[in-house]
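Below you'll find the structure, written out as C-alpha cells, and then a few comments.
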Amino acid sequence: MVYNNRGSYDTALDYHSKALAGYEELGNTAQVAFVTNNIGFVHHNCGDIPLALEYLTKALAINEELGEKSGIATSLNRIGLVHSNRGDLTLALEYHAKALAMREELVEKSGVASITGNIGLVYSKMGDFPLALKYMEKALATNEELGDKKMTGGTLVNIGAVFSKMGDHSRAIEYFAKALTLFDEIGEMPFKAIVIGNIGAVNMYTGNYPLALEYFGKALAANEDLGIKNGEIISNIGAVHYHLGDYWLALEYYAKSLSVVEELGQKTQVASSIGNIGELYATKKFEGYDPAKAEEMLLKSIAMDEEIGEKLHLYSVHKALAELYENEKRWEEAFVHHKKYHELEKEVQSEEAKKSANLMEQRKQTAEREKEIAITKAASDAKHQATEELLHNVLPPSIAHRILGGENLSLRKYQVCRCFLPISSILPNSRNVLPPRNLSKD
C-alpha cells in the first residue's frame with residue numbers, strides 16, 4: 001500500500017500478490033477480499049481498467065458472499081472511481097450512490113464524506129460545477145466536524161480544482177492555500193507536494209510561466225525528497241518550457257517524464273508523453289524538427305491510446321499527425337488523419353451531449369431523492385413532536401424526559417392512572433370515550 005501511494009505500482013502489485021497467495025493458503029476469505037480489492041485499485045491507478053474492474057468485481061462478490069457491508073461499500077466506491085476515470089460518469093454515479101447508501105446505513109460518517117466528495121468529482125467531470133461544489137461542501141463540513149484534517153485538506157484541494165475549471169483561478173489558489181496550511185500543520189508531505197503542483201498548474205493555465213516553473217520545481221523537489229516518482233510534474237515542466245520556446249529543455253523533460261511513467265507502468269501517461277515528444281519533433285520552429293521521428297512517435301501514441309480507449313488524447317494526436325503530413329505535403333495521409341480527427345471529435349461531442357442528458361436526468365433523480373428524504377424527515381419530526389406533547393400531557397415531566405431520552409421504563413410502577421388529565425382535556429370533542437384502563441407494552 002505504501003508503494004501504491006508512492007506510485008511504484010509494479011512493486012505494489014508484487015507485494016499484494018504475495019499477500020493474496022498467503023491468505024488464500026490460510027483460507028482467510030475476508031483478507032482475500034481485502035487484498036483483491038487493493039490489487040484492483042492499483043491496476044486502476046496505473047491505468048489498466050479491464051484488470052482493475054476484474055479484481056474489484058471479484059472482491060465485491062466475495063464481500064457480498066460474506067455479508068461484509070463495509071467491504072461491499074469499498075468495492076462499490078472503487079468501481080465507481082474506475083468508471084469515473086474512464087468517462088462512464090452515469091455508471092460511476094450509480095456505483096457511488098449504492099456505496100453511499102451502504103455507508104449511511106452503517107453510520108460511517110468518514111466513509112459517507114469520502115463518497116460524497118467522489119460524487120462531487122463526478123459532477124465536476126460532467127461540467128455541473130454548482131452541483132459538484134454542493135457535494136464537496138457537504139463532504140468538507142463532515143470532515144471538519146470529524147476533525148479529520150487530512151480529508152479536510154483533500155476536499156479543499158478538490159474544491160480548488162473545481163474553481164480552476166470554472167476559470168476562477170483566484171478562488172482556486174485560495175482553497176489550495178488553505179489545504180497547504182493544513183498539510184503543513186499535520187506534516188502530510190505527499191499531499192503538500194500535490195497542492196504545490198496544483199498551484200503550478202493554475203499559473204501555467206493563466207500564462208504565468210515563471211511562477212509555474214517555480215511551483216513545479218518545488219513540487220518535484222518535494223516528491224524526490226519523499227522518494228516518490230511523479231512523471232506528470234516533469235511533463236508539466238516540459239510543457240512550460242515548450243510554451244516559452246525552450247524546445248530542447250522541453251524535450252529533455254518530456255524524455256525524463258516518459259522514462260518515469262514507463263518505469264511506473266502508467267499506460268495513459270506513457271501514451272501522453274510519447275505524443276508530446278512527437279508533437280515537439282513536428283514543430284517547425286524547433287531546430288531539431290524531425291518529420292520521420294515525429295511520425296513514429298505520433299503513430300505509437302495513437303496505437304497506445306486506441307488500446308486503452310483514451311479518446312480525448314487520441315483525437316488531438318490525429319490532428320497533430322494530420323498537420324505534420326500537411327507540412328510534408330503528404331496530402332492523402334493528411335486527409336485520412338484529418339477525417340479521423342473530425343470523426344473522433346464528433347464522437348466525443350456526442351458523448352458529451354449524452355453526458356449532459358444523463359446529467360439532467362441525474363439531477364432530477366437527485367432532487368426527487370432529496371425531496372423524499374425531506375418529507376420523511378418532516379413526518380418523523382411531526383410524529384416525534386406529537387409523541388412528546390402527549391407524554392408531557394399525561395406524565396410527570398421527569399418521567400416524560402426519561403422516556404423521550406430513550407430510557408425503557410416500566411410505567412406500571414409509576415401509577416400512571418393518577419397522572420392522566422381528564423379525557424376531555426385531551427380529546428375535547430369526545431364525550432363518550434372511556435378512560436384507558438391500562439397501557440400496552442409498546
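By convention in this document, the chains of the C-alpha cells carry letters A, B, ... by their order, each chain's residues are numbered from 1, and ligands are numbered from 1 in the order they are shown.
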Residue neighbourhood Glu323 in chain A, 9 Å, only C-alpha atoms, exclusion window fewer than 3 positions, as an MDAnalysis selection string: chainID A and resid 282 318:320 326:328 334 337:338
Selection: 7 Å around range 109-123 of chain A, only C-alpha atoms, excl. self and same-chain fewer than 4 positions, as a VMD selection string: chain A and resid 77 84 89 93 96 100 103 to 104 127 to 129 131 to 133 135 to 136 139 142 to 143 155
Selected residue of minimal separation from Leu314 in chain A among A:Asp184, A:Ala271, A:Lys339, A:Phe286, counting only C-alpha atoms: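 Closest residue, counting only C-alpha atoms: A:Ala271.
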8 Å contact set for Val240 in chain A, only C-alpha atoms, chain neighbours under 4 positions out, as a PDB file with C-alpha atoms, in the first residue's frame:
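The resulting file, part_22.pdb, is reproduced below:
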ATOM      1  CA  MET A 204       0.589  27.619 -16.221  1.00  0.00           C
ATOM      2  CA  TYR A 209       5.152  30.630 -16.774  1.00  0.00           C
ATOM      3  CA  ALA A 212       4.541  27.935 -12.798  1.00  0.00           C
ATOM      4  CA  LEU A 213       8.144  26.738 -13.144  1.00  0.00           C
ATOM      5  CA  ASN A 236       4.295  19.857 -16.966  1.00  0.00           C
ATOM      6  CA  LEU A 244       8.416  29.558 -23.569  1.00  0.00           C
ATOM      7  CA  ALA A 250      11.115  20.772 -23.206  1.00  0.00           C
TER       8      ALA A 250
END
For range 301-304 of chain A: contacts at 12 Å, only C-alpha atoms, fewer than 2 positions along chain excluded, given as a VMD selection string: chain A and resid 47 258 266 to 279 294 to 299 306 to 321 337 340 to 341
Close residues, Thr11 in chain A itself excluded, 12 Å, only C-alpha atoms, min 2 positions apart in chain, as an MDAnalysis selection string: chainID A and resid 1:9 13:18 39 42:43 46 263:265
Computed interatomic separation between CA of Thr57 in chain A and CA of Val32 in chain A (Å):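 Those two atoms sit 13.0 Å apart.
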Residue neighbourhood Met189 in chain A, 9 Å, only C-alpha atoms, exclusion window fewer than 6 positions, as a ChimeraX atom specification: /A:183,222-223,226
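Taking CA of Gly147 in chain A and CA of Asp168 in chain A as endpoints, the distance between them is 28.1 Å.
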Atomic distance CA of Met102 in chain A - CA of Asp148 in chain A, expressed in Å with one decimal: 21.0 Å
